[in-house]
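**Q** The structure file work-v2.txt (compact mmCIF, C-alpha atoms) is provided below.
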# COMPACT_ATOMS: atom_id res chain seq x y z
CA MET A 22 41.17 -42.63 146.19
CA ALA A 23 43.94 -41.82 148.62
CA ASP A 24 47.53 -42.86 147.89
CA ALA A 25 48.85 -45.92 149.74
CA LEU A 26 51.00 -43.92 152.17
CA SER A 27 48.08 -41.66 153.14
CA THR A 28 45.82 -44.69 153.60
CA THR A 29 48.38 -46.35 155.90
CA LEU A 30 48.87 -43.18 157.96
CA ALA A 31 45.11 -42.57 158.26
CA ALA A 32 44.58 -46.17 159.38
CA LEU A 33 47.24 -45.73 162.09
CA ALA A 34 45.72 -42.40 163.23
CA ASP A 35 43.37 -43.99 165.75
CA PRO A 36 44.18 -45.39 169.22
CA THR A 37 41.75 -48.34 168.90
CA ARG A 38 43.27 -49.41 165.59
CA ARG A 39 46.79 -49.11 167.02
CA ALA A 40 45.69 -51.23 170.01
CA ILE A 41 44.31 -53.87 167.62
CA LEU A 42 47.66 -53.98 165.77
CA ALA A 43 49.53 -54.23 169.09
CA ARG A 44 47.35 -57.21 170.06
CA LEU A 45 47.98 -58.89 166.70
CA ALA A 46 51.73 -58.45 167.19
CA THR A 47 51.36 -61.12 169.90
CA GLY A 48 49.60 -63.54 167.52
CA GLN A 49 46.55 -64.06 165.31
CA ALA A 50 43.12 -63.39 166.81
CA SER A 51 39.44 -63.57 165.85
CA VAL A 52 37.29 -60.43 165.61
CA ASN A 53 35.56 -61.46 168.86
CA GLU A 54 38.89 -61.82 170.64
CA LEU A 55 40.03 -58.45 169.30
CA ALA A 56 36.79 -56.77 170.40
CA GLU A 57 36.92 -58.09 174.00
CA PRO A 58 39.11 -55.39 175.63
CA PHE A 59 37.17 -52.50 174.07
CA ASP A 60 34.10 -50.84 175.49
CA MET A 61 32.45 -50.61 172.08
CA THR A 62 30.05 -52.65 169.93
CA LEU A 63 31.31 -55.54 167.82
CA ALA A 64 30.11 -53.55 164.79
CA ALA A 65 32.34 -50.61 165.75
CA VAL A 66 35.37 -52.88 166.22
CA SER A 67 34.60 -54.64 162.91
CA LYS A 68 34.63 -51.24 161.20
CA HIS A 69 38.10 -50.49 162.61
CA ILE A 70 39.30 -53.93 161.45
CA LYS A 71 37.93 -53.20 157.95
CA VAL A 72 39.92 -49.94 157.83
CA LEU A 73 43.09 -51.83 158.81
CA GLU A 74 42.33 -54.56 156.26
CA ASN A 75 41.76 -51.99 153.47
CA ALA A 76 45.11 -50.42 154.36
CA GLY A 77 46.78 -53.84 154.06
CA LEU A 78 47.82 -53.73 157.73
CA ILE A 79 45.96 -56.93 158.56
CA SER A 80 44.87 -59.97 156.53
CA ARG A 81 42.09 -62.47 157.25
CA GLY A 82 42.39 -66.26 157.33
CA LYS A 83 40.64 -68.27 154.64
CA GLN A 84 38.79 -70.82 156.82
CA ALA A 85 35.01 -70.32 156.74
CA GLN A 86 34.55 -71.11 160.45
CA TRP A 87 37.41 -69.14 161.95
CA ARG A 88 38.86 -66.27 159.96
CA PRO A 89 41.64 -65.02 162.22
CA CYS A 90 43.15 -61.56 161.73
CA LYS A 91 46.89 -61.46 161.13
CA LEU A 92 49.25 -58.49 161.37
CA GLU A 93 50.74 -57.38 158.03
CA ALA A 94 53.44 -54.85 158.89
CA GLY A 95 54.67 -54.33 155.30
CA PRO A 96 52.87 -51.00 154.66
CA MET A 97 54.52 -49.53 157.78
CA ARG A 98 57.90 -49.82 156.05
CA ASP A 99 57.06 -46.91 153.71
CA VAL A 100 55.97 -44.77 156.67
CA ALA A 101 59.25 -45.57 158.45
CA ALA A 102 61.16 -44.64 155.26
CA LEU A 103 59.33 -41.30 155.12
CA LEU A 104 60.13 -40.55 158.76
CA ASP A 105 63.76 -41.51 158.28
CA THR A 106 64.13 -38.54 155.90
CA TYR A 107 63.33 -36.26 158.86
CA ARG A 108 65.33 -38.09 161.53
CA ALA A 109 68.22 -35.61 161.30
CA PHE A 110 65.82 -32.78 162.22
CA TRP A 111 64.48 -34.23 165.45
CA GLU A 112 67.90 -35.59 166.47
CA GLN A 113 69.32 -32.09 165.91
CA ASN A 114 66.56 -30.67 168.12
CA LEU A 115 67.40 -33.20 170.85
CA ASP A 116 71.10 -32.31 170.53
CA GLN A 117 70.24 -28.61 170.95
CA LEU A 118 68.07 -29.38 173.98
CA ASP A 119 70.83 -31.55 175.43
CA ALA A 120 73.42 -28.79 174.90
CA TYR A 121 71.09 -26.26 176.53
CA LEU A 122 70.39 -28.47 179.57
CA THR A 123 74.12 -29.18 179.99
CA LYS A 124 74.83 -25.45 179.81
CA ILE A 125 72.31 -24.39 182.47
CA GLN A 126 73.34 -27.23 184.79
CA THR A 127 77.09 -26.56 184.62
CA PRO A 128 78.22 -24.07 187.34
CA GLU A 129 81.39 -23.11 185.40
CA ASN A 130 79.18 -21.56 182.75
CA ASP A 131 77.44 -19.41 185.32
CA SER A 132 77.45 -15.67 184.56
CA LYS A 133 79.16 -14.92 187.91
CA ASN A 134 82.34 -16.74 186.82
CA MET B 21 40.15 -34.35 171.24
CA ALA B 22 42.47 -36.81 169.54
CA ASP B 23 45.64 -38.00 171.28
CA ALA B 24 48.93 -36.44 170.12
CA LEU B 25 50.06 -39.52 168.17
CA SER B 26 46.74 -39.75 166.28
CA THR B 27 46.90 -36.01 165.51
CA THR B 28 50.43 -36.35 164.12
CA LEU B 29 49.51 -39.39 162.00
CA ALA B 30 46.34 -37.73 160.66
CA ALA B 31 48.32 -34.59 159.76
CA LEU B 32 50.83 -36.72 157.81
CA ALA B 33 48.03 -38.65 156.03
CA ASP B 34 47.81 -36.20 153.13
CA PRO B 35 50.17 -35.84 150.13
CA THR B 36 49.92 -32.02 150.05
CA ARG B 37 50.83 -31.75 153.72
CA ARG B 38 53.75 -34.17 153.26
CA ALA B 39 54.93 -32.07 150.27
CA ILE B 40 54.77 -28.93 152.44
CA LEU B 41 56.91 -30.62 155.11
CA ALA B 42 59.39 -31.80 152.44
CA ARG B 43 59.67 -28.19 151.18
CA LEU B 44 60.25 -26.91 154.73
CA ALA B 45 63.02 -29.49 155.21
CA THR B 46 65.01 -27.36 152.74
CA GLY B 47 64.43 -24.17 154.79
CA GLN B 48 61.79 -21.78 156.14
CA ALA B 49 59.16 -20.44 153.74
CA SER B 50 56.18 -18.09 153.71
CA VAL B 51 52.65 -19.35 153.10
CA ASN B 52 52.75 -17.81 149.60
CA GLU B 53 56.01 -19.60 148.80
CA LEU B 54 54.57 -22.88 150.10
CA ALA B 55 51.39 -22.45 148.03
CA GLU B 56 53.21 -21.75 144.74
CA PRO B 57 53.77 -25.35 143.51
CA PHE B 58 50.17 -26.42 144.25
CA ASP B 59 47.21 -26.11 141.92
CA MET B 60 44.91 -25.03 144.74
CA THR B 61 43.70 -21.82 146.35
CA LEU B 62 45.78 -20.01 148.96
CA ALA B 63 42.90 -20.69 151.39
CA ALA B 64 43.17 -24.45 150.80
CA VAL B 65 46.94 -24.40 151.34
CA SER B 66 46.49 -22.25 154.47
CA LYS B 67 44.09 -24.86 155.82
CA HIS B 68 46.70 -27.60 155.32
CA ILE B 69 49.31 -25.43 157.04
CA LYS B 70 46.92 -24.90 159.96
CA VAL B 71 46.52 -28.70 160.33
CA LEU B 72 50.31 -29.11 160.40
CA GLU B 73 50.64 -26.24 162.89
CA ASN B 74 47.97 -27.73 165.18
CA ALA B 75 49.88 -31.03 165.08
CA GLY B 76 53.07 -29.20 166.11
CA LEU B 77 54.78 -30.21 162.86
CA ILE B 78 55.42 -26.60 161.86
CA SER B 79 55.80 -23.34 163.76
CA ARG B 80 55.30 -19.77 162.56
CA GLY B 81 57.75 -16.89 162.92
CA LYS B 82 56.83 -14.02 165.19
CA GLN B 83 57.50 -11.05 162.86
CA ALA B 84 54.29 -9.27 161.89
CA GLN B 85 55.37 -8.67 158.29
CA TRP B 86 56.82 -12.06 157.44
CA ARG B 87 55.73 -15.08 159.44
CA PRO B 88 57.76 -17.88 157.90
CA CYS B 89 56.79 -21.51 158.46
CA LYS B 90 59.44 -23.72 160.02
CA LEU B 91 59.60 -27.52 160.16
CA GLU B 92 59.22 -28.99 163.66
CA ALA B 93 60.05 -32.69 163.32
CA GLY B 94 59.74 -33.49 167.04
CA PRO B 95 56.25 -35.10 166.89
CA MET B 96 57.50 -37.53 164.21
CA ARG B 97 59.81 -39.09 166.80
CA ASP B 98 56.86 -40.75 168.56
CA VAL B 99 55.56 -42.12 165.24
CA ALA B 100 59.02 -43.53 164.47
CA ALA B 101 59.11 -45.12 167.95
CA LEU B 102 55.71 -46.75 167.32
CA LEU B 103 56.86 -48.13 163.96
CA ASP B 104 60.09 -49.41 165.48
CA THR B 105 58.02 -51.82 167.61
CA TYR B 106 56.86 -53.46 164.34
CA ARG B 107 60.18 -53.37 162.47
CA ALA B 108 60.90 -57.04 163.23
CA PHE B 109 57.66 -58.00 161.47
CA TRP B 110 58.33 -56.36 158.14
CA GLU B 111 62.02 -57.31 158.21
CA GLN B 112 60.94 -60.92 158.81
CA ASN B 113 58.59 -60.67 155.81
CA LEU B 114 61.43 -59.32 153.66
CA ASP B 115 63.69 -62.14 154.88
CA GLN B 116 61.02 -64.69 153.94
CA LEU B 117 60.60 -63.08 150.51
CA ASP B 118 64.37 -63.02 150.06
CA ALA B 119 64.66 -66.70 151.00
CA TYR B 120 61.85 -67.57 148.60
CA LEU B 121 63.40 -65.62 145.70
CA THR B 122 66.80 -67.21 146.36
CA LYS B 123 65.18 -70.65 146.40
CA ILE B 124 63.34 -70.28 143.07
CA GLN B 125 66.39 -68.73 141.39
CA THR B 126 68.89 -71.40 142.51
CA PRO B 127 69.10 -74.32 140.00
CA GLU B 128 70.53 -76.68 142.68
CA ASN B 129 67.23 -76.48 144.50
CA ASP B 130 65.31 -77.43 141.39
CA SER B 131 62.95 -80.41 141.84
CA LYS B 132 64.73 -82.30 139.05
CA ASN B 133 67.93 -82.56 141.12
Please, can you express the file's structure as structure tokens?
**A**
Amino acid sequence: MADALSTTLAALADPTRRAILARLATGQASVNELAEPFDMTLAAVSKHIKVLENAGLISRGKQAQWRPCKLEAGPMRDVAALLDTYRAFWEQNLDQLDAYLTKIQTPENDSKN
Amino acid sequence: MADALSTTLAALADPTRRAILARLATGQASVNELAEPFDMTLAAVSKHIKVLENAGLISRGKQAQWRPCKLEAGPMRDVAALLDTYRAFWEQNLDQLDAYLTKIQTPENDSKN
């Protein structure tokens, strides 16, 4: 069985599943409501929802008639914590790019001066 | 072909690949150096490195003799941006948990009062 962090990341590694989470960020929704915008079978959407549910990224209501899906963002916290350990690296890269762009756009730094 | 964000997330969804990135955060390393701590074949480690390289999370040096792997954190920025859109949700959950724990641990709020 995969570790929790790998399960969360794998669940997020699909555009349909990310779209489902984005929809649920606006409020709870039934499987039918979630399926509506997608050009795929209800079975295919249900499978994506199951992956998200297994990863703890959504929960299902308890009512027998209407079991709405609800966003559970908790597992994303560990992913954010992982990425934070690398933040200095991509910010450094942006700083280097910024310094480079400033350099080539500043006439005073031109080789003819 | 998967979108860039899905490719990045899928590449991160493996503990060995995350360990390789963590090692590279301390400096460049050869494939042999990266493989050393793992109880797996060099071919298996090379495959993981290839996945990370295809996701743009590492680059390889150009020297023929020694082609060190280098961390490229740039693609993680988009994942962090995605997670940031959900930050309010998990912080809200933590706030609710915090409020609940404060409530049950405060004698003044006890039902006998």
**Q** Calculate how many Å separate CA of Met97 in chain A from CA of Asn53 in chain A, rounding to one decimal.
**A**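 Atom-to-atom, CA of Met97 in chain A to CA of Asn53 in chain A, that is 25.0 Å.
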**Q** For CA of His69 in chain A and CA of Ala32 in chain A, determine how far apart the two atoms are, in Å to one decimal place.
**A**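 We find that CA of His69 in chain A and CA of Ala32 in chain A lie 8.4 Å from each other.
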**Q** Calculated over only C-alpha atoms, which of the candidates B:Val71, B:Leu121, B:Ala39, B:Ala30 has the smallest distance to Phe58 in chain B?
**A**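 Going through B:Val71, B:Leu121, B:Ala39, B:Ala30 one by one, the smallest distance to Phe58 in chain B is for B:Ala39.
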**Q** Write out, as CSV, each residue of chain B that has an atom at most 10 Å from chain A, together with the closest pair of atoms and their distance in Å to one decimal, counting all atoms listed in the file, rows going by chain and rising number.
**A**
residue,atom,partner,partner_atom,distance
B:Ala22,CA,A:Asp35,CA,8.2
B:Asp23,CA,A:Pro36,CA,7.8
B:Ala24,CA,A:Ala34,CA,9.7
B:Leu25,CA,A:Ala34,CA,7.2
B:Ser26,CA,A:Ala34,CA,4.2
B:Thr27,CA,A:Ala34,CA,6.9
B:Thr28,CA,A:Ala34,CA,7.7
B:Leu29,CA,A:Ala34,CA,5.0
B:Ala30,CA,A:Ala34,CA,5.4
B:Ala31,CA,A:Ala31,CA,8.7
B:Leu32,CA,A:Leu30,CA,6.8
B:Ala33,CA,A:Ser27,CA,4.2
B:Asp34,CA,A:Ser27,CA,5.5
B:Pro35,CA,A:Ser27,CA,6.9
B:Arg38,CA,A:Leu103,CA,9.2
B:Leu41,CA,A:Tyr107,CA,9.3
B:Ala42,CA,A:Tyr107,CA,8.8
B:Ala45,CA,A:Tyr107,CA,7.7
B:Leu91,CA,A:Phe110,CA,8.4
B:Glu92,CA,A:Trp111,CA,7.6
B:Ala93,CA,A:Trp111,CA,5.2
B:Gly94,CA,A:Trp111,CA,5.1
B:Pro95,CA,A:Trp111,CA,8.4
B:Met96,CA,A:Leu104,CA,6.8
B:Arg97,CA,A:Trp111,CA,6.9
B:Val99,CA,A:Leu104,CA,8.1
B:Ala100,CA,A:Ala101,CA,6.4
B:Ala101,CA,A:Ala101,CA,9.5
B:Leu102,CA,A:Arg39,CA,9.2
B:Leu103,CA,A:Ala101,CA,6.5
B:Asp104,CA,A:Ala101,CA,8.1
B:Thr105,CA,A:Ala43,CA,8.9
B:Tyr106,CA,A:Ala94,CA,6.6
B:Arg107,CA,A:Arg98,CA,7.7
B:Ala108,CA,A:Ala94,CA,8.9
B:Phe109,CA,A:Ala94,CA,5.9
B:Trp110,CA,A:Gly95,CA,5.1
B:Glu111,CA,A:Gly95,CA,8.4
B:Gln112,CA,A:Ala94,CA,9.6
B:Asn113,CA,A:Gly95,CA,7.5
B:Leu114,CA,A:Gly95,CA,8.6
**Q** Write to file, as a JSON list (two decimals), keeping the file's coordinate frame, the residues of the selection just made, with C-alpha atoms.
**A**
[["chain", "number", "residue", "atom", "x", "y", "z"],
["B", 22, "ALA", "CA", 42.47, -36.81, 169.54],
["B", 23, "ASP", "CA", 45.64, -38.00, 171.28],
["B", 24, "ALA", "CA", 48.93, -36.44, 170.12],
["B", 25, "LEU", "CA", 50.06, -39.52, 168.17],
["B", 26, "SER", "CA", 46.74, -39.75, 166.28],
["B", 27, "THR", "CA", 46.90, -36.01, 165.51],
["B", 28, "THR", "CA", 50.43, -36.35, 164.12],
["B", 29, "LEU", "CA", 49.51, -39.39, 162.00],
["B", 30, "ALA", "CA", 46.34, -37.73, 160.66],
["B", 31, "ALA", "CA", 48.32, -34.59, 159.76],
["B", 32, "LEU", "CA", 50.83, -36.72, 157.81],
["B", 33, "ALA", "CA", 48.03, -38.65, 156.03],
["B", 34, "ASP", "CA", 47.81, -36.20, 153.13],
["B", 35, "PRO", "CA", 50.17, -35.84, 150.13],
["B", 38, "ARG", "CA", 53.75, -34.17, 153.26],
["B", 41, "LEU", "CA", 56.91, -30.62, 155.11],
["B", 42, "ALA", "CA", 59.39, -31.80, 152.44],
["B", 45, "ALA", "CA", 63.02, -29.49, 155.21],
["B", 91, "LEU", "CA", 59.60, -27.52, 160.16],
["B", 92, "GLU", "CA", 59.22, -28.99, 163.66],
["B", 93, "ALA", "CA", 60.05, -32.69, 163.32],
["B", 94, "GLY", "CA", 59.74, -33.49, 167.04],
["B", 95, "PRO", "CA", 56.25, -35.10, 166.89],
["B", 96, "MET", "CA", 57.50, -37.53, 164.21],
["B", 97, "ARG", "CA", 59.81, -39.09, 166.80],
["B", 99, "VAL", "CA", 55.56, -42.12, 165.24],
["B", 100, "ALA", "CA", 59.02, -43.53, 164.47],
["B", 101, "ALA", "CA", 59.11, -45.12, 167.95],
["B", 102, "LEU", "CA", 55.71, -46.75, 167.32],
["B", 103, "LEU", "CA", 56.86, -48.13, 163.96],
["B", 104, "ASP", "CA", 60.09, -49.41, 165.48],
["B", 105, "THR", "CA", 58.02, -51.82, 167.61],
["B", 106, "TYR", "CA", 56.86, -53.46, 164.34],
["B", 107, "ARG", "CA", 60.18, -53.37, 162.47],
["B", 108, "ALA", "CA", 60.90, -57.04, 163.23],
["B", 109, "PHE", "CA", 57.66, -58.00, 161.47],
["B", 110, "TRP", "CA", 58.33, -56.36, 158.14],
["B", 111, "GLU", "CA", 62.02, -57.31, 158.21],
["B", 112, "GLN", "CA", 60.94, -60.92, 158.81],
["B", 113, "ASN", "CA", 58.59, -60.67, 155.81],
["B", 114, "LEU", "CA", 61.43, -59.32, 153.66]]
**Q** At what distance in Å, to one decimal, does CA of Ile41 in chain A lie from CA of Leu73 in chain A?
**A** 9.1 Å
**Q** Please list, as a ChimeraX atom specification, the residues that have an atom at most 8 Å away from (61.1, -17.7, 154.4) in the coordinates of this file, counting only C-alpha atoms.
**A** /B:47-50,53,86-89
**Q** Give as a list in words the set of residues within 8 Å of the point (48.9, -60.7, 155.6), where distances use the file's coordinates and all atoms listed in the file.
**A**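 Counting all atoms listed in the file, I find these residues within 8 Å of (48.9, -60.7, 155.6): Gly77, Leu78, Ile79, Ser80, Arg81, Lys91, Leu92 and Glu93 of chain A.
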**Q** Please, what is the axis-aligned box for every listed atom of range 55-63 of chain B with 8 Å on each side, as centre and edge lengths in Å to one decimal, as AutoDock Vina command-line options?
**A**
--center_x 48.3 --center_y -23.2 --center_z 146.7 --size_x 26.9 --size_y 22.4 --size_z 25.5
